[in-house]
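Visitor: Just one file: my_file-v9.txt, with compact mmCIF, C-alpha atoms.
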```
# COMPACT_ATOMS: atom_id res chain seq x y z
CA MET B 1 192.76 96.82 165.40
CA ARG B 2 190.27 99.58 165.73
CA ALA B 3 190.51 100.38 162.00
CA VAL B 4 189.75 96.80 161.13
CA ARG B 5 186.60 96.93 163.24
CA LEU B 6 185.38 100.12 161.51
CA SER B 7 185.92 98.59 158.10
CA ALA B 8 183.97 95.52 159.09
CA LEU B 9 181.04 97.61 160.38
CA LEU B 10 180.96 99.73 157.20
CA LEU B 11 180.84 96.65 154.98
CA ALA B 12 178.05 95.16 157.08
CA SER B 13 176.03 98.36 156.80
CA LEU B 14 176.38 98.53 153.03
CA PHE B 15 175.43 94.85 152.68
CA SER B 16 172.26 95.25 154.75
CA SER B 17 171.19 98.36 152.77
CA SER B 18 171.42 96.49 149.48
CA LEU B 19 169.24 93.72 150.85
CA LEU B 20 166.53 96.11 152.10
CA THR B 21 166.31 98.35 149.00
CA PRO B 22 163.77 96.93 146.43
CA PRO B 23 164.76 96.73 142.77
CA ALA B 24 163.68 99.62 140.51
CA ALA B 25 160.07 99.38 139.16
CA PHE B 26 159.52 98.92 135.42
CA ALA B 27 156.50 99.83 133.33
CA LEU B 28 154.80 96.96 131.56
CA SER B 29 155.78 98.47 128.25
CA GLU B 30 159.44 98.37 129.31
CA LEU B 31 159.47 94.66 130.07
CA LYS B 32 161.51 92.67 127.66
CA GLN B 33 159.38 90.97 125.04
CA ILE B 34 159.66 87.27 124.67
CA PRO B 35 161.34 86.45 121.35
CA GLY B 36 158.88 85.40 118.63
CA GLU B 37 155.78 86.75 120.43
CA VAL B 38 153.78 89.61 118.84
CA SER B 39 152.39 92.25 121.16
CA GLN B 40 148.68 93.12 121.26
CA ASP B 41 149.40 96.64 119.98
CA GLN B 42 151.34 95.22 117.05
CA LYS B 43 148.51 92.79 116.27
CA ALA B 44 146.01 95.70 116.09
CA LYS B 45 148.35 97.61 113.77
CA ASP B 46 148.85 94.64 111.44
CA VAL B 47 145.13 93.96 110.88
CA PRO B 48 143.91 95.60 107.59
CA ALA B 49 141.23 98.27 108.04
CA GLU B 50 138.61 96.32 106.10
CA GLU B 51 139.12 93.25 108.31
CA LYS B 52 138.77 95.10 111.59
CA PRO B 53 135.56 94.16 113.40
CA ALA B 54 132.87 96.80 113.11
CA GLU B 55 132.36 98.90 116.13
CA LYS B 56 129.31 97.75 118.04
CA VAL B 57 126.48 100.28 118.06
CA PRO B 58 123.97 100.04 120.88
CA MET B 59 120.67 98.67 119.50
CA GLN B 60 117.97 101.31 119.33
CA ILE B 61 114.71 99.85 120.65
CA PRO B 62 111.67 101.72 119.30
CA MET B 63 109.59 103.02 122.13
CA PRO B 64 105.77 102.82 121.91
CA ASP B 65 103.80 106.00 121.49
CA PRO B 66 102.64 106.81 125.02
CA LEU B 67 99.57 108.62 123.67
CA VAL B 68 98.32 105.83 121.44
CA ASN B 69 97.45 102.29 122.35
CA LYS B 70 96.09 100.79 119.18
CA PRO B 71 95.18 97.11 118.75
CA ALA B 72 96.45 95.18 115.79
CA ARG B 73 94.76 96.32 112.57
CA THR B 74 92.66 94.00 110.49
CA VAL B 75 91.35 94.16 106.97
CA LYS B 76 88.08 95.57 108.28
CA ASP B 77 89.93 98.48 109.88
CA ASP B 78 91.21 99.56 106.47
CA ILE B 79 87.77 99.86 104.92
CA VAL B 80 86.83 103.48 104.38
CA ASP B 81 83.72 104.38 106.36
CA ASP B 82 81.77 105.60 103.37
CA GLN B 83 82.55 102.34 101.56
CA ALA B 84 81.42 100.09 104.37
CA PRO B 85 78.33 98.07 103.53
CA ALA B 86 75.13 99.65 104.86
CA GLY B 87 72.79 97.77 107.13
CA PRO B 88 69.47 96.42 105.89
CA VAL B 89 66.74 99.00 105.29
CA GLU B 90 63.37 98.34 106.92
CA VAL B 91 60.74 99.04 104.30
CA LEU B 92 57.34 99.90 105.78
CA SER B 93 54.00 99.46 104.04
CA ASP B 94 51.32 99.27 106.73
CA VAL B 95 50.10 102.83 107.37
CA SER B 96 47.99 101.64 110.28
CA LYS B 97 51.18 100.90 112.27
CA ILE B 98 52.66 104.39 112.09
CA PRO B 99 51.80 107.35 114.39
CA PRO B 100 48.20 108.49 113.78
CA ALA B 101 49.33 112.06 113.07
CA VAL B 102 51.57 110.82 110.24
CA ALA B 103 48.85 108.62 108.77
CA ARG B 104 46.33 111.50 108.94
CA MET B 105 48.61 113.97 107.13
CA ARG B 106 49.32 111.41 104.41
CA GLU B 107 45.59 110.85 103.96
CA LEU B 108 44.90 114.59 103.65
CA ILE B 109 47.65 115.02 101.05
CA VAL B 110 46.31 112.11 99.00
CA GLU B 111 42.76 113.56 99.06
CA ALA B 112 43.95 117.00 97.98
CA ALA B 113 46.15 115.66 95.19
CA ALA B 114 43.44 113.35 93.87
CA SER B 115 41.03 116.31 93.60
CA GLY B 116 43.06 117.87 90.79
CA ASP B 117 42.94 121.27 92.54
CA ILE B 118 46.44 122.20 93.66
CA GLU B 119 45.10 124.97 95.91
CA ARG B 120 43.74 122.30 98.22
CA LEU B 121 47.34 121.60 99.24
CA ARG B 122 47.81 125.12 100.62
CA PRO B 123 46.36 124.50 104.14
CA LEU B 124 48.61 121.45 104.45
CA LEU B 125 51.83 123.22 103.50
CA GLY B 126 52.01 125.32 106.68
CA LYS B 127 53.41 128.80 107.14
CA GLY B 128 56.54 130.43 108.51
CA PRO B 129 58.99 128.11 110.29
CA THR B 130 56.73 125.11 109.75
CA GLN B 131 56.18 125.68 106.02
CA THR B 132 56.77 122.63 103.87
CA GLN B 133 59.99 122.72 101.88
CA VAL B 134 59.10 122.48 98.19
CA GLY B 135 62.07 124.30 96.68
CA GLU B 136 65.16 126.35 97.40
CA THR B 137 63.35 129.70 97.51
CA ASP B 138 60.94 131.36 99.91
CA ALA B 139 58.42 131.97 97.18
CA ASP B 140 54.76 130.98 97.49
CA PRO B 141 54.82 127.15 97.77
CA ILE B 142 51.83 126.63 95.46
CA GLU B 143 53.40 128.79 92.77
CA THR B 144 56.65 126.88 93.21
CA LEU B 145 54.85 123.56 92.72
CA LYS B 146 53.13 124.85 89.60
CA GLY B 147 56.52 125.85 88.26
CA LEU B 148 57.82 122.32 88.82
CA SER B 149 54.87 120.82 86.94
CA GLY B 150 54.83 120.27 83.21
CA ASP B 151 51.49 122.05 82.92
CA PRO B 152 50.36 125.48 84.23
CA GLN B 153 47.70 124.09 86.59
CA GLY B 154 50.07 121.75 88.42
CA ILE B 155 48.22 118.56 87.47
CA GLU B 156 51.42 116.67 86.71
CA ILE B 157 52.98 117.46 90.07
CA LEU B 158 49.80 116.29 91.81
CA ALA B 159 50.01 112.98 89.96
CA ILE B 160 53.65 112.57 90.99
CA LEU B 161 52.70 113.31 94.60
CA LEU B 162 50.06 110.57 94.50
CA ASP B 163 52.46 108.04 92.96
CA VAL B 164 55.16 108.76 95.55
CA LEU B 165 52.73 108.31 98.47
CA SER B 166 51.52 104.98 97.02
CA THR B 167 54.89 103.29 97.55
CA GLY B 168 56.47 101.77 100.63
CA PHE B 169 58.25 104.12 103.03
CA VAL B 170 60.99 104.24 105.65
CA LEU B 171 61.68 105.89 109.01
CA THR B 172 64.82 108.04 108.73
CA GLU B 173 67.02 109.79 111.32
CA LYS B 174 65.34 107.82 114.09
CA GLY B 175 65.76 109.33 117.54
CA THR B 176 67.01 112.68 116.23
CA PRO B 177 65.30 116.07 115.68
CA ASP B 178 65.26 115.25 111.95
CA GLU B 179 63.29 112.03 112.37
CA ALA B 180 60.74 111.61 109.60
CA TYR B 181 58.72 109.07 107.63
CA VAL B 182 59.86 109.28 104.03
CA TRP B 183 58.25 108.13 100.79
CA PRO B 184 59.41 106.34 98.65
CA TYR B 185 61.70 103.83 100.35
CA PHE B 186 64.15 104.02 97.42
CA THR B 187 65.61 107.12 99.05
CA GLU B 188 67.40 104.89 101.60
CA LYS B 189 68.42 102.00 99.35
CA PRO B 190 71.32 101.85 96.87
CA LEU B 191 69.93 101.23 93.41
CA ALA B 192 72.28 98.28 92.94
CA SER B 193 70.58 96.51 95.86
CA LEU B 194 67.03 96.69 94.46
CA THR B 195 65.31 93.39 93.79
CA PRO B 196 63.30 92.90 90.55
CA PRO B 197 59.95 93.60 92.33
CA GLU B 198 61.45 96.75 93.85
CA LYS B 199 62.60 97.89 90.41
CA VAL B 200 59.00 97.50 89.21
CA ASP B 201 57.96 99.83 92.06
CA LEU B 202 60.60 102.32 90.99
CA PHE B 203 59.61 102.21 87.31
CA ARG B 204 56.12 103.29 88.31
CA LEU B 205 57.75 106.63 89.21
CA VAL B 206 60.55 107.02 86.67
CA THR B 207 61.41 105.93 83.14
CA ALA B 208 64.17 103.56 82.10
CA GLY B 209 66.15 106.59 80.95
CA ASP B 210 65.76 108.24 84.35
CA PHE B 211 66.88 105.03 86.02
CA ALA B 212 70.02 104.84 83.86
CA GLU B 213 70.97 108.36 84.92
CA MET B 214 70.35 107.51 88.57
CA GLU B 215 72.64 104.50 88.31
CA GLU B 216 75.54 106.79 87.49
CA GLY B 217 75.14 108.43 90.88
CA GLY B 218 74.06 105.23 92.61
CA ASN B 219 71.06 106.83 94.34
CA TYR B 220 67.43 107.67 93.79
CA ASN B 221 67.08 111.36 92.94
CA PHE B 222 63.42 111.83 92.04
CA TYR B 223 60.68 113.32 94.25
CA ARG B 224 60.25 112.36 97.90
CA VAL B 225 57.83 113.27 100.70
CA GLY B 226 58.72 113.61 104.38
CA ILE B 227 56.30 113.78 107.33
CA THR B 228 57.48 114.20 110.93
CA PRO B 229 56.16 111.93 113.74
CA ASP B 230 53.90 114.77 114.95
CA GLY B 231 52.22 115.04 111.55
CA GLN B 232 54.02 118.02 110.00
CA TRP B 233 54.51 117.85 106.23
CA LYS B 234 58.23 118.53 106.22
CA PHE B 235 59.20 118.43 102.54
CA PHE B 236 58.26 117.53 98.97
CA VAL B 237 61.45 117.83 96.94
CA ALA B 238 63.55 116.14 94.29
CA GLY B 239 67.28 115.40 94.39
CA ASP B 240 69.76 113.18 96.19
```
Transcribe the structure of this file into structure tokens.
Guide:
Amino acid sequence: MRAVRLSALLLASLFSSSLLTPPAAFALSELKQIPGEVSQDQKAKDVPAEEKPAEKVPMQIPMPDPLVNKPARTVKDDIVDDQAPAGPVEVLSDVSKIPPAVARMRELIVEAAASGDIERLRPLLGKGPTQTQVGETDADPIETLKGLSGDPQGIEILAILLDVLSTGFVLTEKGTPDEAYVWPYFTEKPLASLTPPEKVDLFRLVTAGDFAEMEEGGNYNFYRVGITPDGQWKFFVAGD
């Protein structure tokens, strides 16, 4: 009887242990595949390389230059500075409206030139740092002027000086140390902008042949006179 009881207890213990022990765990890959269904791994293998979707690349957003904050450009911004149209040139003709010192120096130059004696220009040409520029050398200014003239006495250069001072004039470099009243006004105007009456003024100084040569450069390149606001005769030179 006792043996029967032990057998019954042993069976009960084994039965309860089987109920409490969970079934063995399986990896997902070990689960039985449903017949007819293709796995995701198999699908990836079966897709041809050329049909595989391209790998997404993160979009590169251009970053603004932190040192530059430029507004949108316009056609005007692309115009080269030296090609930009120049502003209107104020041509002056009334000597009574310019500084008295300038008007006085002009008058003295005209009187000396009209005399036909080039030596009368000497007191007006200054000396040292204030000497009038008449050439590229430091030679005696009167001798330099004679050398520029077509005759040994300098009569031709005196006539040119008179003609230049008989034209209209302009104020250049206003508000700077180089400020000066300059004759003739052609020095500040592009030749292509000259009106017919202004061309008549110019042809009083130069020939048609001279004008044709100037047109190649676009600027007046004959003689000019400059007088500073305080009445100093600054230059009498030719060139651009």
Visitor: Can you pull out every residue within 8 Å of B:Pro184, counting all atoms listed in the file, but drop anything in the same chain fewer than 2 positions away, and send it as a list in words?
Guide: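 Within the cut-off, the hits are Val164, Leu165, Thr167, Gly168, Phe169, Val170, Val182, Phe186, Thr187, Arg224 and Val225 of chain B.
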Visitor: Could you please determine the separation between atom CA of B:Gly209 and atom CA of B:Ser166 in Å, to one decimal place?
Guide: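 Answer for the atom CA of B:Gly209 to atom CA of B:Ser166 separation: 21.8 Å.
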Visitor: To one decimal place in Å, what is the distance between atom CA of B:Glu179 and atom CA of B:Ile227?
Guide: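 Going from atom CA of B:Glu179 over to atom CA of B:Ile227 covers 8.8 Å.
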Visitor: Residues within 9 Å of B:Arg106, please, as a list of chain:residue names. Count all atoms listed in the file; anything in the same chain fewer than 4 positions from it doesn't count.
Guide: B:Ala101, B:Val102, B:Val110, B:Glu111, B:Leu165, B:Ile227, B:Gly231, B:Trp233
Visitor: Using atom CA of B:Ala112 and atom CA of B:Leu161 as the two end points, give the distance in Å to one decimal.
Guide: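 Atom CA of B:Leu161 lies 10.1 Å from atom CA of B:Ala112.
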Visitor: Skip B:Pro129 itself and residues of its chain fewer than 3 positions away, then list as a JSON list (two decimals) with C-alpha atoms, in the coordinates of the input all residues within 12 Å of it, counting all atoms listed in the file.
Guide:
```
[["chain", "number", "residue", "atom", "x", "y", "z"],
["B", 125, "LEU", "CA", 51.83, 123.22, 103.50],
["B", 126, "GLY", "CA", 52.01, 125.32, 106.68],
["B", 132, "THR", "CA", 56.77, 122.63, 103.87],
["B", 133, "GLN", "CA", 59.99, 122.72, 101.88],
["B", 138, "ASP", "CA", 60.94, 131.36, 99.91],
["B", 232, "GLN", "CA", 54.02, 118.02, 110.00],
["B", 233, "TRP", "CA", 54.51, 117.85, 106.23],
["B", 234, "LYS", "CA", 58.23, 118.53, 106.22]]
```
